[in-house]
file protein-v2.cif (mmCIF, C-alpha atoms and all ligand atoms)
data_coords
#
loop_
_atom_site.label_atom_id
_atom_site.label_comp_id
_atom_site.auth_asym_id
_atom_site.auth_seq_id
_atom_site.Cartn_x
_atom_site.Cartn_y
_atom_site.Cartn_z
CA MET A 1 -15.71 -8.03 -5.21
CA SER A 2 -13.27 -9.81 -7.40
CA GLY A 3 -13.97 -9.20 -11.00
CA MET A 4 -15.40 -5.77 -10.21
CA ASP A 5 -12.17 -4.38 -11.58
CA GLY A 6 -12.46 -6.38 -14.78
CA SER A 7 -9.42 -8.45 -13.92
CA GLY A 8 -11.18 -11.78 -14.20
CA VAL A 9 -9.50 -12.98 -11.04
CA PRO A 10 -11.39 -16.02 -9.83
CA GLU A 11 -13.41 -15.31 -6.77
CA THR A 12 -11.62 -17.48 -4.30
CA ALA A 13 -10.48 -15.02 -1.71
CA GLY A 14 -13.66 -13.33 -0.69
CA VAL A 15 -14.62 -9.72 -0.74
CA GLU A 16 -12.43 -6.87 -1.81
CA ALA A 17 -12.43 -3.61 0.07
CA ALA A 18 -12.72 -1.14 -2.76
CA SER A 19 -11.46 2.36 -2.20
CA SER A 20 -14.19 4.86 -2.92
CA SER A 21 -13.77 7.34 -5.67
CA ASP A 22 -15.78 10.49 -5.14
CA ALA A 23 -13.40 12.98 -6.70
CA ARG A 24 -15.21 15.75 -8.49
CA GLY A 25 -12.17 17.28 -10.16
CA ASP A 26 -11.07 16.69 -13.70
CA ASN A 27 -10.53 13.20 -14.97
CA ARG A 28 -7.12 13.53 -16.53
CA HIS A 29 -4.93 10.74 -15.29
CA MET A 30 -1.25 10.09 -15.61
CA PRO A 31 0.15 7.74 -18.26
CA SER A 32 0.30 4.09 -17.08
CA GLU A 33 4.06 4.09 -17.33
CA ASP A 34 4.21 6.96 -14.83
CA CYS A 35 1.67 5.27 -12.59
CA VAL A 36 3.76 2.09 -12.39
CA ALA A 37 6.86 4.18 -11.73
CA GLY A 38 4.94 6.09 -9.04
CA ILE A 39 4.02 2.84 -7.28
CA ASN A 40 7.64 1.75 -7.44
CA SER A 41 8.71 5.11 -6.12
CA ALA A 42 6.35 4.91 -3.14
CA LEU A 43 7.74 1.44 -2.45
CA GLN A 44 11.34 2.60 -2.94
CA ARG A 45 11.91 0.29 -5.85
CA MET A 46 13.40 2.69 -8.36
CA SER A 47 14.51 6.20 -9.14
CA VAL A 48 11.84 8.24 -10.89
CA SER A 49 13.71 11.38 -11.82
CA LYS A 50 12.71 11.07 -15.45
CA PHE A 51 8.98 11.05 -14.68
CA PRO A 52 7.59 14.58 -14.42
CA TYR A 53 4.50 13.61 -12.39
CA LEU A 54 6.52 12.00 -9.67
CA ARG A 55 8.55 12.81 -6.63
CA CYS A 56 11.76 10.98 -5.95
CA GLU A 57 11.43 10.42 -2.23
CA PRO A 58 9.70 7.29 -1.00
CA ASP A 59 6.67 8.03 1.14
CA PRO A 60 7.50 7.72 4.89
CA THR A 61 3.99 6.52 5.82
CA VAL A 62 4.06 3.82 3.14
CA ARG A 63 7.46 2.78 4.44
CA PHE A 64 6.24 2.71 8.05
CA LEU A 65 3.23 0.56 7.16
CA ARG A 66 5.38 -1.87 5.21
CA GLU A 67 7.73 -2.17 8.21
CA GLN A 68 4.77 -2.80 10.51
CA MET A 69 3.40 -5.43 8.11
CA GLU A 70 6.75 -7.15 8.09
CA LYS A 71 6.91 -7.08 11.91
CA ALA A 72 3.40 -8.53 12.06
CA GLY A 73 4.54 -11.41 9.85
CA CYS A 74 2.96 -10.24 6.59
CA PRO A 75 5.71 -8.73 4.44
CA VAL A 76 4.42 -6.74 1.47
CA LEU A 77 5.85 -8.48 -1.59
CA PRO A 78 6.05 -6.76 -5.00
CA ARG A 79 3.62 -9.25 -6.53
CA MET A 80 0.97 -8.22 -4.00
CA ILE A 81 0.60 -4.83 -5.66
CA ARG A 82 -0.68 -4.52 -9.22
CA ALA A 83 -1.26 -1.56 -11.44
CA MET A 84 -4.15 -1.71 -13.86
CA ASN A 85 -6.81 0.22 -15.69
CA CYS A 86 -9.99 -0.56 -13.77
CA MET A 87 -12.48 1.11 -16.15
CA SER A 88 -14.58 1.79 -13.09
CA THR A 89 -16.25 4.97 -11.98
CA ASN A 90 -16.71 4.04 -8.38
CA HIS A 91 -13.33 2.96 -7.09
CA ASN A 92 -9.68 4.00 -7.29
CA GLY A 93 -8.19 0.80 -6.04
CA SER A 94 -8.88 -2.16 -3.83
CA TYR A 95 -7.49 -4.68 -1.42
CA GLY A 96 -8.55 -8.31 -1.48
CA SER A 97 -7.54 -11.01 0.93
CA GLY A 98 -5.16 -13.24 -1.00
CA LEU A 99 -5.39 -10.91 -4.00
CA GLY A 100 -3.37 -8.00 -2.69
CA ILE A 101 -3.63 -4.37 -3.66
CA THR A 102 -4.88 -3.03 -6.98
CA VAL A 103 -4.05 0.52 -8.01
CA CYS A 104 -6.40 1.84 -10.71
CA CYS A 105 -3.94 3.79 -12.83
CA ASP A 106 -6.76 5.24 -14.90
CA HIS A 107 -7.77 7.21 -11.78
CA MET A 108 -4.36 8.36 -10.63
CA ARG A 109 -3.27 11.91 -11.34
CA SER A 110 -0.24 12.41 -9.11
CA GLN A 111 2.31 10.76 -6.88
CA ASP A 112 0.32 12.05 -3.90
CA GLU A 113 -2.77 10.16 -5.01
CA ILE A 114 -0.77 6.96 -5.51
CA ASN A 115 0.83 7.28 -2.06
CA GLN A 116 -2.49 7.95 -0.43
CA LEU A 117 -4.19 5.04 -2.12
CA LEU A 118 -1.34 2.72 -1.11
CA ILE A 119 -1.62 3.92 2.50
CA HIS A 120 -5.39 3.31 2.46
CA GLU A 121 -5.03 -0.20 1.01
CA LEU A 122 -2.06 -1.05 3.25
CA ILE A 123 -4.26 -0.32 6.28
CA HIS A 124 -6.74 -2.91 4.95
CA ALA A 125 -3.82 -5.30 4.43
CA TYR A 126 -2.60 -4.59 7.97
CA ASP A 127 -6.06 -5.28 9.40
CA ASP A 128 -6.24 -8.49 7.38
CA CYS A 129 -2.90 -9.50 8.89
CA VAL A 130 -3.44 -8.63 12.56
CA VAL A 131 -7.19 -8.90 13.19
CA LYS A 132 -8.06 -12.39 14.35
CA ASN A 133 -10.57 -14.09 12.04
CA MET A 134 -10.90 -11.02 9.81
CA ASP A 135 -13.97 -11.65 7.65
CA TRP A 136 -14.59 -9.24 4.77
CA LYS A 137 -18.10 -10.66 4.37
CA ASN A 138 -18.88 -9.43 7.87
CA CYS A 139 -20.16 -5.87 7.45
CA ALA A 140 -18.88 -4.72 10.84
CA HIS A 141 -15.37 -6.01 10.09
CA HIS A 142 -15.37 -4.35 6.70
CA ALA A 143 -16.81 -1.10 8.11
CA CYS A 144 -14.16 -0.96 10.82
CA SER A 145 -11.34 -1.35 8.33
CA GLU A 146 -12.85 1.31 6.03
CA ILE A 147 -13.24 3.79 8.89
CA ARG A 148 -9.60 3.23 9.85
CA ALA A 149 -8.33 3.37 6.26
CA ASN A 150 -10.20 6.59 5.43
CA HIS A 151 -9.25 8.21 8.73
CA LEU A 152 -5.59 7.20 8.90
CA SER A 153 -4.69 7.66 5.22
CA GLY A 154 -5.53 11.37 5.16
CA ASP A 155 -8.27 10.68 2.58
CA CYS A 156 -10.36 13.24 4.46
CA HIS A 157 -7.80 15.96 4.97
CA TYR A 158 -9.63 19.25 4.41
CA LYS A 159 -7.55 20.16 1.36
CA ARG A 160 -8.67 16.99 -0.40
CA GLU A 161 -12.25 17.62 0.62
CA LEU A 162 -12.11 21.12 -0.85
CA LEU A 163 -10.82 19.66 -4.11
CA ARG A 164 -13.80 17.30 -4.15
CA GLY A 165 -16.13 20.27 -3.74
CA PHE A 166 -17.14 19.62 -0.14
CA MET A 167 -16.71 23.05 1.45
CA LYS A 168 -17.96 22.58 4.98
CA ILE A 169 -15.07 22.74 7.42
CA ARG A 170 -16.49 22.13 10.88
CA GLY A 171 -16.77 18.46 11.60
CA HIS A 172 -15.80 17.74 8.02
CA GLU A 173 -13.25 15.08 8.80
CA GLN A 174 -15.54 12.68 10.64
CA GLU A 175 -18.37 13.28 8.18
CA CYS A 176 -16.02 12.56 5.31
CA VAL A 177 -14.66 9.37 6.91
CA LYS A 178 -18.20 8.18 7.54
CA ARG A 179 -19.38 9.02 4.02
CA ARG A 180 -16.47 7.30 2.32
CA ALA A 181 -16.55 4.26 4.63
CA LEU A 182 -20.27 3.90 3.96
CA MET A 183 -19.77 4.09 0.18
CA SER A 184 -17.21 1.30 0.29
CA VAL A 185 -19.22 -0.96 2.59
CA LYS A 186 -22.30 -0.46 0.40
CA ASN A 187 -20.30 -1.91 -2.49
CA ASN A 188 -19.85 -5.08 -0.48
CA PRO A 189 -22.51 -7.47 -1.80
CA TYR A 190 -22.92 -8.93 1.69
CA CYS A 191 -23.85 -5.53 3.12
CA SER A 192 -26.77 -4.24 1.10
CA GLY A 193 -29.73 -2.22 2.31
CA THR A 194 -29.35 -0.76 5.78
CA ALA A 195 -26.68 -3.28 6.73
CA ALA A 196 -23.85 -0.99 5.61
CA LYS A 197 -25.13 2.02 7.54
CA ASP A 198 -25.87 -0.02 10.65
CA ALA A 199 -22.39 -1.55 10.51
CA VAL A 200 -20.62 1.81 10.16
CA GLU A 201 -22.61 3.29 13.07
CA SER A 202 -22.14 0.28 15.33
CA VAL A 203 -18.33 0.22 15.13
CA TRP A 204 -17.72 3.95 14.64
CA ASP A 205 -16.41 4.97 18.09
CA ILE A 206 -14.09 2.02 18.53
CA CYS A 207 -12.71 2.00 15.01
CA TYR A 208 -12.39 5.75 14.53
CA ASN A 209 -10.26 5.86 17.68
CA ASP A 210 -8.19 2.82 16.78
CA THR A 211 -5.04 4.27 15.19
CA ARG A 212 -2.91 1.12 15.09
CA PRO A 213 -0.17 0.72 13.96
CA PHE A 214 0.29 4.48 14.42
CA ASP A 215 0.58 6.08 17.89
CA ARG A 216 -1.75 8.81 16.67
CA VAL A 217 -3.33 9.86 13.40
CA PRO A 218 -0.42 10.50 11.02
ZN ZN B 1 -11.06 0.93 1.63
#
call {"tool": "encode", "arguments": {"input": "protein-v2.cif", "output": "structure tokens"}}
result
Amino acid sequence: MSGMDGSGVPETAGVEAASSSDARGDNRHMPSEDCVAGINSALQRMSVSKFPYLRCEPDPTVRFLREQMEKAGCPVLPRMIRAMNCMSTNHNGSYGSGLGITVCCDHMRSQDEINQLLIHELIHAYDDCVVKNMDWKNCAHHACSEIRANHLSGDCHYKRELLRGFMKIRGHEQECVKRRALMSVKNNPYCSGTAAKDAVESVWDICYNDTRPFDRVP
């Protein structure tokens, strides 16, 4: 939801797809200045050689998604991405229709995490652009986008799961995608009770296998 991040943005654009935060590691985050530079780096806006947390190469997946957004008629403009301290324990960032992408800098610890969050939120932005009549208040629509975003962003790569303390390897990826998608949909005020779980289950097969705009899972 708007306002969930403390931004005070008027709730005109509907529901935000918040990116779940279930990291169990330490809570040290990078300085805001580095976080902003990291976002700019991922978007190829500046050189970041003076920032020790950051890599200098732009992320190829972020670049690919931005190209696909542009092709689909929804170019990603700088003002659509904001860096802020969200003071939240349950999300790292969010995408809202008409609001754009929020990166919670108080949760970011590395360039990798920034890139990954941007990829996750850009998939929501892509869905918002290309899915006809995308309705974030519709639990199935939201669930589908969360399944895709968690699957395609590498949020559930086994190395990240190990860092979170989830050690089971077999079948971990799908379980992780489902768990994280469910957490995000549950935060949608239109999907309380069993609605979130029902929505995730009902669209699972179609949406887990829908890798657009990628040919296969990157
Ligand atoms: Zn999400």
call {"tool": "residues_near_ligand", "arguments": {"input": "protein-v2.cif", "ligand": "ligand ZN 1 (chain B)", "cutoff": "7 Å", "atoms": "all atoms listed in the file", "output": "PDB file with C-alpha atoms, in the coordinates of the input"}}
result
ATOM      1  CA  ALA A  17     -12.430  -3.610   0.070  1.00  0.00           C
ATOM      2  CA  ALA A  18     -12.720  -1.140  -2.760  1.00  0.00           C
ATOM      3  CA  SER A  19     -11.460   2.360  -2.200  1.00  0.00           C
ATOM      4  CA  SER A  20     -14.190   4.860  -2.920  1.00  0.00           C
ATOM      5  CA  SER A  94      -8.880  -2.160  -3.830  1.00  0.00           C
ATOM      6  CA  HIS A 120      -5.390   3.310   2.460  1.00  0.00           C
ATOM      7  CA  GLU A 121      -5.030  -0.200   1.010  1.00  0.00           C
ATOM      8  CA  HIS A 124      -6.740  -2.910   4.950  1.00  0.00           C
ATOM      9  CA  GLU A 146     -12.850   1.310   6.030  1.00  0.00           C
ATOM     10  CA  ALA A 149      -8.330   3.370   6.260  1.00  0.00           C
ATOM     11  CA  ASN A 150     -10.200   6.590   5.430  1.00  0.00           C
ATOM     12  CA  SER A 184     -17.210   1.300   0.290  1.00  0.00           C
TER      13      SER A 184
END
call {"tool": "closest_residue", "arguments": {"input": "protein-v2.cif", "among": "A:Asp59, A:Asp34, A:Glu175, A:Glu201", "to": "A:Met108", "atoms": "all atoms listed in the file"}}
result
A:Asp34
call {"tool": "closest_residue", "arguments": {"input": "protein-v2.cif", "among": "A:Ala37, A:Met84, A:Leu43, A:Cys191", "to": "A:Ala140", "atoms": "all atoms listed in the file"}}
result
A:Cys191
call {"tool": "residues_around", "arguments": {"input": "protein-v2.cif", "residues": "A:Val103", "least_positions_apart": "6", "cutoff": "10 Å", "atoms": "only C-alpha atoms", "output": "list in words"}}
result
Ser19, Cys35, Val36, Ile39, Ile81, Arg82, Ala83, Met84, Asn85, Cys86, His91, Asn92, Gly93, Ser94, Tyr95, Ile114, Leu117, Leu118 and Glu121 of chain A
call {"tool": "closest_residue", "arguments": {"input": "protein-v2.cif", "among": "A:Ala42, A:Ala125, A:Cys176, A:Met69", "to": "A:His142", "atoms": "only C-alpha atoms"}}
result
A:Ala125
call {"tool": "residues_around", "arguments": {"input": "protein-v2.cif", "residues": "A:Pro218", "least_positions_apart": "3", "cutoff": "12 Å", "atoms": "all atoms listed in the file", "output": "list in words"}}
result
Pro60, Thr61, Val62, Phe64, Leu65, Gln116, Ile119, Arg148, Ala149, Asn150, His151, Leu152, Ser153, Gly154, Asp155, His157, Thr211, Arg212, Pro213, Phe214 and Asp215 of chain A
call {"tool": "write_last_selection", "arguments": {"input": "protein-v2.cif", "atoms": "C-alpha atoms", "output": "compact mmCIF listing (two decimals), in the frame of the given file"}}
result
# COMPACT_ATOMS: atom_id res chain seq x y z
CA PRO A 60 7.50 7.72 4.89
CA THR A 61 3.99 6.52 5.82
CA VAL A 62 4.06 3.82 3.14
CA PHE A 64 6.24 2.71 8.05
CA LEU A 65 3.23 0.56 7.16
CA GLN A 116 -2.49 7.95 -0.43
CA ILE A 119 -1.62 3.92 2.50
CA ARG A 148 -9.60 3.23 9.85
CA ALA A 149 -8.33 3.37 6.26
CA ASN A 150 -10.20 6.59 5.43
CA HIS A 151 -9.25 8.21 8.73
CA LEU A 152 -5.59 7.20 8.90
CA SER A 153 -4.69 7.66 5.22
CA GLY A 154 -5.53 11.37 5.16
CA ASP A 155 -8.27 10.68 2.58
CA HIS A 157 -7.80 15.96 4.97
CA THR A 211 -5.04 4.27 15.19
CA ARG A 212 -2.91 1.12 15.09
CA PRO A 213 -0.17 0.72 13.96
CA PHE A 214 0.29 4.48 14.42
CA ASP A 215 0.58 6.08 17.89
call {"tool": "atom_distance", "arguments": {"input": "protein-v2.cif", "atom1": "atom CA of A:Cys139", "atom2": "atom CA of A:Ile101"}}
result
20.0 Å
call {"tool": "closest_residue", "arguments": {"input": "protein-v2.cif", "among": "A:Val217, A:Ile123, A:Ala143, A:Val177", "to": "A:Asp198", "atoms": "all atoms listed in the file"}}
result
A:Ala143
call {"tool": "atom_distance", "arguments": {"input": "protein-v2.cif", "atom1": "atom CA of A:Val203", "atom2": "atom CA of A:Gln174"}}
result
13.5 Å
call {"tool": "closest_residue", "arguments": {"input": "protein-v2.cif", "among": "A:Arg216, A:Gly98, A:Asn90, A:Leu122", "to": "A:Lys186", "atoms": "all atoms listed in the file"}}
result
A:Asn90
call {"tool": "axis_aligned_box", "arguments": {"input": "protein-v2.cif", "around": "stretch 174-180 of chain A", "padding_each_side": "4 Å", "output": "AutoDock Vina command-line options"}}
result
--center_x -17.0 --center_y 10.3 --center_z 6.5 --size_x 12.7 --size_y 14.0 --size_z 16.3
call {"tool": "atom_distance", "arguments": {"input": "protein-v2.cif", "atom1": "atom CA of A:Ile147", "atom2": "atom CA of A:Arg28"}}
result
27.9 Å
call {"tool": "closest_residue", "arguments": {"input": "protein-v2.cif", "among": "A:Ser145, A:Ser41, A:Asn133, A:Asn115", "to": "A:Arg180", "atoms": "all atoms listed in the file"}}
result
A:Ser145
